[in-house]
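Presented below is the structure to which this report refers.
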Amino acid sequence: MDKLGIEARKWILKSTSAAGSGHPGGSLSCIDILLVLYREVLHHDPRSPKDPDRDRFILSKGHGAPALYVTLGLMGYYPVRDVMSLRKLGSPFQGHPDIRFLPVLEASTGSLGQGISLGIGATLAARLDGRKYHTYILVGDGECQEGQIWEAALFAGVHKLDGLTVIVDINGYQLDDATKKILDMEPWAAKWEAFGFRSYPCDGHDPAAVKKALLQARDDKAPSVVLARTVKGKGVSFMENNNDYHGKALTPPQLEEALKELEAAHV
């Protein structure tokens, strides 16, 4: 974890704990991906959030919203401390991304399985408008059990939507248990490639590896998928691979312990 990754984790944990609810485990698994995407790959400008030539990002695994909110704050779209109103009445930081409350978003998400379809719409719009922006969609591994994921993948492959990149956060868990115990999705690469995608595996917590995979995917002349292997709860020892924290915030004593551990990770 680099310095920004540690800072982002602190905000995720503090905001979900203040709310007393949320999804910290899956937010910690995807935060490194989002930071690399927004810092080094995505074409965007916080000063012009609706620039028609901006790249699009859609968080299909909408329960990972704390990670997206923190990332946008750290990138300058608003003061990052604003995320402390997460899940509060009237807050723009709803439990799942809602464009009515936070207009810098590209879409309202949270009904699992729909993000790639939304991304396809954005990609087709780029073709029709003659624009060069790229569309990225982050999905969860458990989410990939949804049939709409594969209907959308089939469409993207048949129509060779090379402006589209799917990122799969493969943290090994979903709401009820380990993904392999519920419905094993292996082999990941073979599945996506059968639908016409080019696949790029990476360690989702290695910024250099994530950046390399994302840039290779962007340059491909076919729809692409980045298969990011991650750890649910990454960065806090008692949360890692512990599905108790899929949808449960830390208690104040647990938060204090987690923040101390993250502070110690600074080198």
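Letters A, B, ... go to the chains of the structure tokens in the order shown; residues in each chain start at 1; ligands are counted from 1 in the same order.
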Once you count only C-alpha atoms, what closest atom pair and distance in Å to one decimal does each residue of range 20-88 of chain A within 9 Å of range 140-145 of chain A have, with rows by chain and rising residue number, as a tab-separated table?
```
residue	atom	partner	partner_atom	distance
A:Gly26	CA	A:Gly140	CA	8.6
A:Ser60	CA	A:Gly140	CA	7.8
A:Lys61	CA	A:Gly140	CA	5.6
```
Would you write out those residues with N, CA and C atoms, as a compact mmCIF listing (two decimals), in the first residue's frame?
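Output file selection-v9.txt follows:
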```txt
# COMPACT_ATOMS: atom_id res chain seq x y z
N GLY A 26 -15.50 -4.86 0.77
CA GLY A 26 -15.36 -4.76 -0.69
C GLY A 26 -14.85 -3.41 -1.14
N SER A 60 -20.30 -0.61 -11.12
CA SER A 60 -21.43 -1.54 -11.16
C SER A 60 -21.66 -2.18 -9.79
N LYS A 61 -20.55 -2.52 -9.09
CA LYS A 61 -20.70 -3.04 -7.71
C LYS A 61 -20.94 -1.84 -6.80
```
Can you list every residue in range 137-263 of chain A that DSSP puts in helix (DSSP H, G or I), as an MDAnalysis selection string? chainID A and resid 143:145 147:158 179:183 188:194 207:219 243:245 252:263
If I take CA of Lys50 in chain A and CA of Val210 in chain A, how far is one from the other in Å, to one decimal?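 Between these atoms lies a distance of 25.8 Å.
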Could you tell me, as a list of chain:residue names, which residues of range 17-199 of chain A DSSP assigns to strand (DSSP E) when given the backbone? A:Arg56, A:Phe57, A:Ile58, A:Leu59, A:Thr135, A:Tyr136, A:Ile137, A:Leu138, A:Val139, A:Gly140, A:Leu164, A:Thr165, A:Val166, A:Ile167, A:Val168, A:Asp169, A:Ile170, A:Arg198, A:Ser199
For a test of reading the model, state the distance in Å between CA of Asp45 in chain A and CA of Tyr133 in chain A, rounded to one decimal. 13.1 Å
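Between Asp176 in chain A and the candidates A:Gly147, A:Gly62, A:Pro92, A:Gly247, the tightest atom-to-atom separation, counting only C-alpha atoms, involves A:Gly247.
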Extract, using only C-alpha atoms, all DNA, RNA and protein residues at most 10 Å from range 149-156 of chain A, discarding same-chain residues fewer than 5 positions from it, and format them as a ChimeraX atom specification. /A:112-120,123-124,139,143-144,161-164,166,191-197,222-224
Atoms to include: N, CA and C atoms. Write the selected residues as a PDB file, in the first residue's frame.
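Written out: result-v2.pdb:
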```pdb
ATOM      1  N   LEU A 112     -27.208  -5.051  -8.862  1.00  0.00           N
ATOM      2  CA  LEU A 112     -26.056  -5.747  -9.420  1.00  0.00           C
ATOM      3  C   LEU A 112     -26.347  -6.339 -10.798  1.00  0.00           C
ATOM      4  N   GLY A 113     -25.325  -6.279 -11.649  1.00  0.00           N
ATOM      5  CA  GLY A 113     -25.408  -6.855 -12.982  1.00  0.00           C
ATOM      6  C   GLY A 113     -25.663  -5.860 -14.094  1.00  0.00           C
ATOM      7  N   GLN A 114     -25.986  -4.608 -13.757  1.00  0.00           N
ATOM      8  CA  GLN A 114     -26.430  -3.662 -14.770  1.00  0.00           C
ATOM      9  C   GLN A 114     -25.338  -2.753 -15.316  1.00  0.00           C
ATOM     10  N   GLY A 115     -24.189  -2.700 -14.653  1.00  0.00           N
ATOM     11  CA  GLY A 115     -23.177  -1.715 -15.009  1.00  0.00           C
ATOM     12  C   GLY A 115     -22.603  -1.851 -16.398  1.00  0.00           C
ATOM     13  N   ILE A 116     -22.380  -3.087 -16.864  1.00  0.00           N
ATOM     14  CA  ILE A 116     -21.803  -3.256 -18.198  1.00  0.00           C
ATOM     15  C   ILE A 116     -22.790  -2.782 -19.259  1.00  0.00           C
ATOM     16  N   SER A 117     -24.070  -3.030 -19.045  1.00  0.00           N
ATOM     17  CA  SER A 117     -25.078  -2.542 -19.989  1.00  0.00           C
ATOM     18  C   SER A 117     -25.047  -1.018 -20.064  1.00  0.00           C
ATOM     19  N   LEU A 118     -24.917  -0.359 -18.907  1.00  0.00           N
ATOM     20  CA  LEU A 118     -24.798   1.102 -18.898  1.00  0.00           C
ATOM     21  C   LEU A 118     -23.535   1.539 -19.640  1.00  0.00           C
ATOM     22  N   GLY A 119     -22.447   0.816 -19.413  1.00  0.00           N
ATOM     23  CA  GLY A 119     -21.192   1.142 -20.085  1.00  0.00           C
ATOM     24  C   GLY A 119     -21.273   0.959 -21.587  1.00  0.00           C
ATOM     25  N   ILE A 120     -21.998  -0.041 -22.022  1.00  0.00           N
ATOM     26  CA  ILE A 120     -22.200  -0.255 -23.458  1.00  0.00           C
ATOM     27  C   ILE A 120     -22.928   0.941 -24.060  1.00  0.00           C
ATOM     28  N   THR A 123     -20.457   3.648 -24.493  1.00  0.00           N
ATOM     29  CA  THR A 123     -19.520   3.335 -25.569  1.00  0.00           C
ATOM     30  C   THR A 123     -20.165   3.541 -26.937  1.00  0.00           C
ATOM     31  N   LEU A 124     -21.405   3.126 -27.081  1.00  0.00           N
ATOM     32  CA  LEU A 124     -22.117   3.346 -28.344  1.00  0.00           C
ATOM     33  C   LEU A 124     -22.338   4.833 -28.596  1.00  0.00           C
ATOM     34  N   VAL A 139     -16.861  -4.284 -11.789  1.00  0.00           N
ATOM     35  CA  VAL A 139     -17.848  -5.251 -11.311  1.00  0.00           C
ATOM     36  C   VAL A 139     -17.211  -6.133 -10.243  1.00  0.00           C
ATOM     37  N   GLU A 143     -20.911 -10.611  -8.350  1.00  0.00           N
ATOM     38  CA  GLU A 143     -21.846  -9.971  -9.279  1.00  0.00           C
ATOM     39  C   GLU A 143     -21.849 -10.658 -10.642  1.00  0.00           C
ATOM     40  N   CYS A 144     -20.728 -11.238 -11.007  1.00  0.00           N
ATOM     41  CA  CYS A 144     -20.627 -11.881 -12.320  1.00  0.00           C
ATOM     42  C   CYS A 144     -21.475 -13.143 -12.429  1.00  0.00           C
ATOM     43  N   LEU A 161     -16.740  -3.678 -29.284  1.00  0.00           N
ATOM     44  CA  LEU A 161     -16.705  -2.382 -28.608  1.00  0.00           C
ATOM     45  C   LEU A 161     -15.346  -2.161 -27.960  1.00  0.00           C
ATOM     46  N   ASP A 162     -14.394  -1.699 -28.757  1.00  0.00           N
ATOM     47  CA  ASP A 162     -13.026  -1.562 -28.276  1.00  0.00           C
ATOM     48  C   ASP A 162     -12.848  -0.369 -27.338  1.00  0.00           C
ATOM     49  N   GLY A 163     -13.864   0.435 -27.161  1.00  0.00           N
ATOM     50  CA  GLY A 163     -13.787   1.546 -26.216  1.00  0.00           C
ATOM     51  C   GLY A 163     -14.281   1.178 -24.837  1.00  0.00           C
ATOM     52  N   LEU A 164     -14.377  -0.115 -24.564  1.00  0.00           N
ATOM     53  CA  LEU A 164     -14.987  -0.612 -23.328  1.00  0.00           C
ATOM     54  C   LEU A 164     -14.012  -1.514 -22.573  1.00  0.00           C
ATOM     55  N   VAL A 166     -13.926  -3.700 -18.905  1.00  0.00           N
ATOM     56  CA  VAL A 166     -14.518  -4.175 -17.659  1.00  0.00           C
ATOM     57  C   VAL A 166     -13.383  -4.509 -16.705  1.00  0.00           C
ATOM     58  N   LYS A 191     -13.662 -17.631 -19.805  1.00  0.00           N
ATOM     59  CA  LYS A 191     -15.056 -17.195 -19.951  1.00  0.00           C
ATOM     60  C   LYS A 191     -15.153 -15.895 -20.741  1.00  0.00           C
ATOM     61  N   TRP A 192     -14.391 -14.889 -20.308  1.00  0.00           N
ATOM     62  CA  TRP A 192     -14.469 -13.591 -20.989  1.00  0.00           C
ATOM     63  C   TRP A 192     -13.963 -13.677 -22.426  1.00  0.00           C
ATOM     64  N   GLU A 193     -12.912 -14.432 -22.639  1.00  0.00           N
ATOM     65  CA  GLU A 193     -12.368 -14.558 -23.993  1.00  0.00           C
ATOM     66  C   GLU A 193     -13.352 -15.247 -24.925  1.00  0.00           C
ATOM     67  N   ALA A 194     -14.158 -16.166 -24.375  1.00  0.00           N
ATOM     68  CA  ALA A 194     -15.179 -16.830 -25.189  1.00  0.00           C
ATOM     69  C   ALA A 194     -16.249 -15.850 -25.674  1.00  0.00           C
ATOM     70  N   PHE A 195     -16.388 -14.730 -24.972  1.00  0.00           N
ATOM     71  CA  PHE A 195     -17.362 -13.710 -25.365  1.00  0.00           C
ATOM     72  C   PHE A 195     -16.734 -12.605 -26.214  1.00  0.00           C
ATOM     73  N   GLY A 196     -15.481 -12.782 -26.615  1.00  0.00           N
ATOM     74  CA  GLY A 196     -14.837 -11.826 -27.507  1.00  0.00           C
ATOM     75  C   GLY A 196     -14.004 -10.770 -26.817  1.00  0.00           C
ATOM     76  N   PHE A 197     -13.729 -10.934 -25.523  1.00  0.00           N
ATOM     77  CA  PHE A 197     -12.911  -9.978 -24.787  1.00  0.00           C
ATOM     78  C   PHE A 197     -11.448 -10.413 -24.769  1.00  0.00           C
ATOM     79  N   ALA A 222     -10.271  -4.517 -29.144  1.00  0.00           N
ATOM     80  CA  ALA A 222     -11.415  -5.374 -28.824  1.00  0.00           C
ATOM     81  C   ALA A 222     -11.895  -4.970 -27.434  1.00  0.00           C
ATOM     82  N   PRO A 223     -13.121  -5.321 -27.051  1.00  0.00           N
ATOM     83  CA  PRO A 223     -13.503  -5.099 -25.660  1.00  0.00           C
ATOM     84  C   PRO A 223     -12.546  -5.854 -24.748  1.00  0.00           C
ATOM     85  N   SER A 224     -12.255  -5.293 -23.595  1.00  0.00           N
ATOM     86  CA  SER A 224     -11.211  -5.861 -22.746  1.00  0.00           C
ATOM     87  C   SER A 224     -11.708  -6.016 -21.322  1.00  0.00           C
TER      88      SER A 224
END
```
I'd like the contact shell of range 234-240 of chain A - 12 Å cut-off, only C-alpha atoms, skipping same-chain residues fewer than 4 positions apart - returned as a CSV table (one decimal) with N, CA and C atoms, in the first residue's frame.
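See selection_2.csv below for the written result:
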```csv
chain,number,residue,atom,x,y,z
A,1,MET,N,0.8,-1.2,0.0
A,1,MET,CA,0.0,0.0,0.0
A,1,MET,C,0.9,1.2,0.0
A,2,ASP,N,0.6,2.2,-0.9
A,2,ASP,CA,1.3,3.5,-0.9
A,2,ASP,C,0.6,4.4,0.1
A,3,LYS,N,1.2,5.6,0.2
A,3,LYS,CA,0.6,6.6,1.2
A,3,LYS,C,-0.8,7.0,0.9
A,5,GLY,N,-3.0,5.2,-0.7
A,5,GLY,CA,-3.8,4.0,-0.5
A,5,GLY,C,-4.2,3.9,1.0
A,6,ILE,N,-3.2,4.2,1.9
A,6,ILE,CA,-3.5,4.1,3.3
A,6,ILE,C,-4.5,5.2,3.7
A,7,GLU,N,-4.2,6.5,3.2
A,7,GLU,CA,-5.1,7.6,3.5
A,7,GLU,C,-6.6,7.2,3.1
A,8,ALA,N,-6.7,6.7,1.9
A,8,ALA,CA,-8.0,6.4,1.4
A,8,ALA,C,-8.7,5.3,2.3
A,9,ARG,N,-8.0,4.3,2.7
A,9,ARG,CA,-8.5,3.3,3.6
A,9,ARG,C,-9.0,3.9,4.9
A,10,LYS,N,-8.3,4.9,5.4
A,10,LYS,CA,-8.7,5.5,6.7
A,10,LYS,C,-10.1,6.2,6.5
A,12,ILE,N,-12.4,5.5,4.2
A,12,ILE,CA,-13.4,4.5,4.0
A,12,ILE,C,-13.9,4.0,5.4
A,13,LEU,N,-12.9,3.6,6.2
A,13,LEU,CA,-13.3,3.1,7.5
A,13,LEU,C,-14.0,4.1,8.4
A,23,HIS,N,-20.4,-1.0,3.4
A,23,HIS,CA,-19.7,-2.1,2.9
A,23,HIS,C,-18.2,-1.9,2.9
A,24,PRO,N,-17.5,-2.0,4.0
A,24,PRO,CA,-16.1,-1.7,4.1
A,24,PRO,C,-15.2,-2.7,3.4
A,25,GLY,N,-15.6,-4.0,3.6
A,25,GLY,CA,-14.7,-5.1,3.0
A,25,GLY,C,-14.4,-5.0,1.6
A,26,GLY,N,-15.5,-4.9,0.8
A,26,GLY,CA,-15.4,-4.8,-0.7
A,26,GLY,C,-14.9,-3.4,-1.1
A,27,SER,N,-15.0,-2.4,-0.3
A,27,SER,CA,-14.4,-1.1,-0.6
A,27,SER,C,-12.9,-1.1,-0.5
A,28,LEU,N,-12.4,-1.8,0.5
A,28,LEU,CA,-11.0,-1.9,0.7
A,28,LEU,C,-10.4,-2.8,-0.4
A,29,SER,N,-11.1,-3.7,-0.9
A,29,SER,CA,-10.5,-4.6,-2.0
A,29,SER,C,-10.4,-3.9,-3.3
A,30,CYS,N,-11.2,-2.9,-3.6
A,30,CYS,CA,-11.1,-2.2,-4.9
A,30,CYS,C,-10.5,-0.8,-4.8
A,31,ILE,N,-10.1,-0.3,-3.7
A,31,ILE,CA,-9.6,1.1,-3.6
A,31,ILE,C,-8.4,1.3,-4.4
A,32,ASP,N,-7.4,0.3,-4.3
A,32,ASP,CA,-6.2,0.5,-5.1
A,32,ASP,C,-6.4,0.6,-6.6
A,171,ASN,N,-12.2,-10.6,-5.3
A,171,ASN,CA,-11.8,-10.7,-3.9
A,171,ASN,C,-12.2,-12.0,-3.3
A,172,GLY,N,-12.9,-12.9,-4.0
A,172,GLY,CA,-13.2,-14.2,-3.5
A,172,GLY,C,-14.4,-14.4,-2.7
A,173,TYR,N,-15.1,-13.3,-2.4
A,173,TYR,CA,-16.3,-13.4,-1.5
A,173,TYR,C,-17.5,-12.6,-2.0
A,204,GLY,N,-4.5,-6.9,-8.0
A,204,GLY,CA,-5.2,-5.6,-7.8
A,204,GLY,C,-4.8,-4.7,-6.7
A,205,HIS,N,-3.7,-5.1,-6.0
A,205,HIS,CA,-3.1,-4.3,-4.9
A,205,HIS,C,-1.7,-3.8,-5.3
A,206,ASP,N,-1.3,-4.1,-6.5
A,206,ASP,CA,0.0,-3.7,-7.0
A,206,ASP,C,-0.2,-2.6,-8.0
A,229,ARG,N,-7.0,-9.6,-9.1
A,229,ARG,CA,-7.1,-10.5,-7.9
A,229,ARG,C,-6.8,-9.6,-6.7
A,230,THR,N,-7.8,-9.6,-5.7
A,230,THR,CA,-7.7,-8.7,-4.6
A,230,THR,C,-8.0,-9.5,-3.3
A,244,ASP,N,-17.2,-11.3,7.5
A,244,ASP,CA,-18.1,-10.6,8.4
A,244,ASP,C,-18.2,-9.1,8.1
A,245,TYR,N,-17.2,-8.6,7.4
A,245,TYR,CA,-17.2,-7.1,7.1
A,245,TYR,C,-17.6,-6.8,5.7
A,246,HIS,N,-18.3,-7.7,5.1
A,246,HIS,CA,-18.9,-7.4,3.8
A,246,HIS,C,-19.8,-6.2,3.9
A,247,GLY,N,-20.8,-6.3,4.9
A,247,GLY,CA,-21.7,-5.2,5.0
A,247,GLY,C,-21.9,-4.7,6.4
A,248,LYS,N,-20.8,-4.7,7.2
A,248,LYS,CA,-20.9,-4.3,8.6
A,248,LYS,C,-19.7,-3.3,8.9
A,249,ALA,N,-20.1,-2.2,9.4
A,249,ALA,CA,-19.1,-1.2,9.8
A,249,ALA,C,-18.4,-1.6,11.1
A,250,LEU,N,-17.2,-1.0,11.2
A,250,LEU,CA,-16.4,-1.3,12.5
A,250,LEU,C,-17.0,-0.5,13.6
A,254,GLN,N,-12.9,-1.1,17.3
A,254,GLN,CA,-12.3,-1.8,16.1
A,254,GLN,C,-11.7,-0.7,15.1
A,255,LEU,N,-12.4,0.4,15.0
A,255,LEU,CA,-11.9,1.5,14.1
A,255,LEU,C,-10.6,2.0,14.7
A,256,GLU,N,-10.5,2.2,16.0
A,256,GLU,CA,-9.3,2.7,16.6
A,256,GLU,C,-8.1,1.7,16.3
A,257,GLU,N,-8.4,0.4,16.4
A,257,GLU,CA,-7.4,-0.6,16.2
A,257,GLU,C,-7.0,-0.6,14.7
A,258,ALA,N,-8.0,-0.5,13.8
A,258,ALA,CA,-7.7,-0.5,12.4
A,258,ALA,C,-6.9,0.7,12.0
A,259,LEU,N,-7.2,1.9,12.5
A,259,LEU,CA,-6.5,3.1,12.1
A,259,LEU,C,-5.0,3.1,12.6
A,260,LYS,N,-4.8,2.5,13.8
A,260,LYS,CA,-3.5,2.3,14.3
A,260,LYS,C,-2.6,1.4,13.4
A,261,GLU,N,-3.3,0.4,13.0
A,261,GLU,CA,-2.6,-0.6,12.1
A,261,GLU,C,-2.2,0.1,10.8
A,262,LEU,N,-3.1,0.9,10.2
A,262,LEU,CA,-2.8,1.6,9.0
A,262,LEU,C,-1.7,2.7,9.2
A,263,GLU,N,-1.8,3.4,10.3
A,263,GLU,CA,-0.7,4.3,10.6
A,263,GLU,C,0.7,3.7,10.7
A,264,ALA,N,0.7,2.5,11.2
A,264,ALA,CA,2.0,1.7,11.3
A,264,ALA,C,2.5,1.3,10.0
A,265,ALA,N,1.6,1.2,9.0
A,265,ALA,CA,1.9,0.8,7.6
A,265,ALA,C,2.7,1.9,6.9
A,266,HIS,N,2.7,3.1,7.4
A,266,HIS,CA,3.5,4.2,6.7
A,266,HIS,C,5.0,3.9,6.9
```
Point out the residue among A:Lys14, A:Arg54, A:His44, A:His63 with the least atom-to-atom distance to Met84 in chain A, counting only C-alpha atoms. A:Lys14
